[in-house]
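Okay, structure first, notes after.
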Amino acid sequence: MERDLGLSRAELSLAPSLALACFTLGMMLQRLVATGLALRGTGLLSFSLAGGGHFLFALWPTLPPLILGYGVAFGFGAGLGYGFALEMAQFVNERKRSFAIGVIVSCFALSGIVISTVFAQLILQSSPTKSFFVIGVGIFLIGAFVVSQLDGSSGTLDEENQDSRSSEVFTLRFAIMTYCFFAICFAGLLNVSHISGILKETGVPSALLGLGAGLQNMGYIVGSVWGGRFVEWVQGRSALFFACLLTVVAVLMMRSDSFLIVCVATTFVGLSFGGSASLIPVLIGREYGISQIGRVYGKMIFSYGLAGLVAPWAGGLLYTQTGSYSVPLAVATVLAFMGLLVSIYFWKIERSHAVV
């Protein structure tokens with residue numbers, strides 16, 4: 001895309017950065033949209049925006065349609081659908097709910113596995129325009145099936161059935177969870193948007209560059225499926241500490257010159273990134289009540305959007321200025337280490353409460 005559009009990596013990185021910011025906005029507004037449009041209407045809007053955004057760039061392959069179609073339309077539609085799916089997890093049986101959340105967030109990365117492995121060679125041999133068109137068609141086909149399975153009922157619980165364990169959202173624990181989520185997402189999204197460049201810097205042949213995204217998404221799926229269950233296994237907030245610790249270790253390994261070590265590190269980044277995507281909603285459910293997951297996560301998700309806005313763009317800018325990914329990875333390491341430190345305090349709060 002850099003070659004075909006004649007753009008620098010920093011300029012091209014604006015599109016995924018904006019997409020992640022709009023993804024956050026879509027998640028924040030999904031409950032409002034679901035209340036007004038009900039299940040079928042919300043699903044229809046989500047898939048229409050996501051698929052239509054790809055078609056816009058396919059029809060006019062320049063930077064403005066890429067920013068408007070992929071950055072705005074696809075980003076908002078994907079966030080709307082993702083938040084909608086998490087909101088619906090509250091209807092699942094309580095014993096299976098954390099696993100259901102894990103399955104939902106793992107599906108977030110499933111297309112990345114398929115696209116970067118099964119279709120990697122086809123994409124390399126094709127033009128960006130054709131790739132975007134085919135992905136748009138796929139989104140519409142899946143959307144048609146999903147919408148046909150939805151009815152016109154509301155996607156929220158009745159007021160009398162809602163658990164309102166805590167109406168106060170902005171607490172110290174909320175702030176700590178939010179920062180740790182930001183630090184983990186920064187490392188994950190930096191990797192998502194620049195893993196091909198990072199691997200290329202280690203001298204990997206072009207034919208293997210898609211392996212990085214596949215490994216990260218594979219780790220993401222495993223982490224997201226079991227992240228929520230991990231919260232239950234370690235009895236709560238210490239899960240946040242272990243997620244931050246894994247992120248620090250993984251980002252340090254990413255700075256290696258060894259292809260094998262970078263591949264392992266990429267998988268670890270995906271594991272912590274995906275794990276946070278499911279353990280954070282489960283932690284929110286423990287702190288605020290199950291029915292409050294959508295409301296509180298909608299407020300906390302701005303940290304994901306901030307990481308998405310900054311990480312791809314900053315990674316591209318720093319690479320353009322320095323000619324290396326060492327500085328972006330160093331920034332990710334510092335942020336993750338700070339998350340590790342504050343997560344220790346979060347763990348201490350839990351242990352003190354347990355003693356009381």
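If you're wondering about the labels, chains in the structure tokens are A, B, ... by order shown, residues count from 1 in each chain, ligands from 1 in order shown.
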
- Item | Residues within 8 Å of Phe74 (chain A), only C-alpha atoms, excluding chain neighbours under 6 positions, as a ChimeraX atom specification | /A:19,23,49-54

- Task: Name the residues in contact with Val310 (chain A) at a cut-off of 9 Å, using only C-alpha atoms, excluding same-chain residues fewer than 5 positions from it; report them as a PyMOL selection string.
- Result: chain A and resi 17+186+190+305+315

- Note on the structure: Counting only C-alpha atoms, the residue among A:Thr247, A:Glu232, A:Ala175, A:Ile139 that lies closest to Arg95 (chain A) is A:Glu232

- Closest of A:Pro312, A:Pro16, A:Pro64, A:Gly43 to Phe145 (chain A), counting only C-alpha atoms, is A:Gly43

For Thr202 (chain A), please output as a PDB file with C-alpha atoms, in the first residue's frame all residues within 10 Å (counting only C-alpha atoms; exclusion window: fewer than 5 positions along the same chain).
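Result written to selection.pdb:
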```
ATOM      1  CA  GLY A 197       7.964  -4.223   9.376  1.00  0.00           C
ATOM      2  CA  ARG A 255      13.849  -6.386  20.439  1.00  0.00           C
ATOM      3  CA  SER A 256      15.863  -9.510  19.618  1.00  0.00           C
ATOM      4  CA  ASP A 257      17.564  -9.979  16.247  1.00  0.00           C
ATOM      5  CA  SER A 258      16.534 -13.632  16.204  1.00  0.00           C
ATOM      6  CA  PHE A 259      13.596 -14.529  13.943  1.00  0.00           C
ATOM      7  CA  VAL A 262      10.633 -12.513  17.701  1.00  0.00           C
TER       8      VAL A 262
END
```

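With only C-alpha atoms as the atoms that count, the residue of A:Leu252, A:Ala120, A:Cys22, A:Leu29 with the shortest distance to Leu211 (chain A) is A:Ala120.
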
- Message: Could you go through region 205-321 of chain A and tell me which residues DSSP, when run on the backbone, assigns to alpha helix (DSSP H), listing them as a PyMOL selection string?
- Response: chain A and resi 210-233+238-254+259-288+293-300+302-321

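Candidate residues A:Ala277, A:Leu189, A:Val114, A:Ile67 were compared for distance to Ala332 (chain A), and the nearest is A:Leu189, using only C-alpha atoms.
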
- In terms of the shortest atom-to-atom distance over only C-alpha atoms, which of A:Ser343, A:Gln321, A:Asn191, A:Ser272 is closest to Ile176 (chain A)? A:Ser343

- Can you list, as a ChimeraX atom specification, every protein, DNA or RNA residue that comes within 8 Å of region 123-130 of chain A when you count only C-alpha atoms, leaving out same-chain residues fewer than 2 positions away? /A:1,57-59,61,119-121,132-134

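Checking A:Thr62, A:Gln30, A:Ser111, A:Ser116 one by one against Gly81 (chain A), counting only C-alpha atoms, you find the shortest gap at A:Gln30.
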
- Which neighbours of Arg31 (chain A) fall inside 12 Å, counting only C-alpha atoms, when residues of the same chain fewer than 6 positions from it are skipped, and could you give them as a PyMOL selection string? chain A and resi 25+37-39+42+79-88+154-157+292-299

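Interatomic distance, CA of Leu317 (chain A) to CA of Leu7 (chain A): 12.4 Å.
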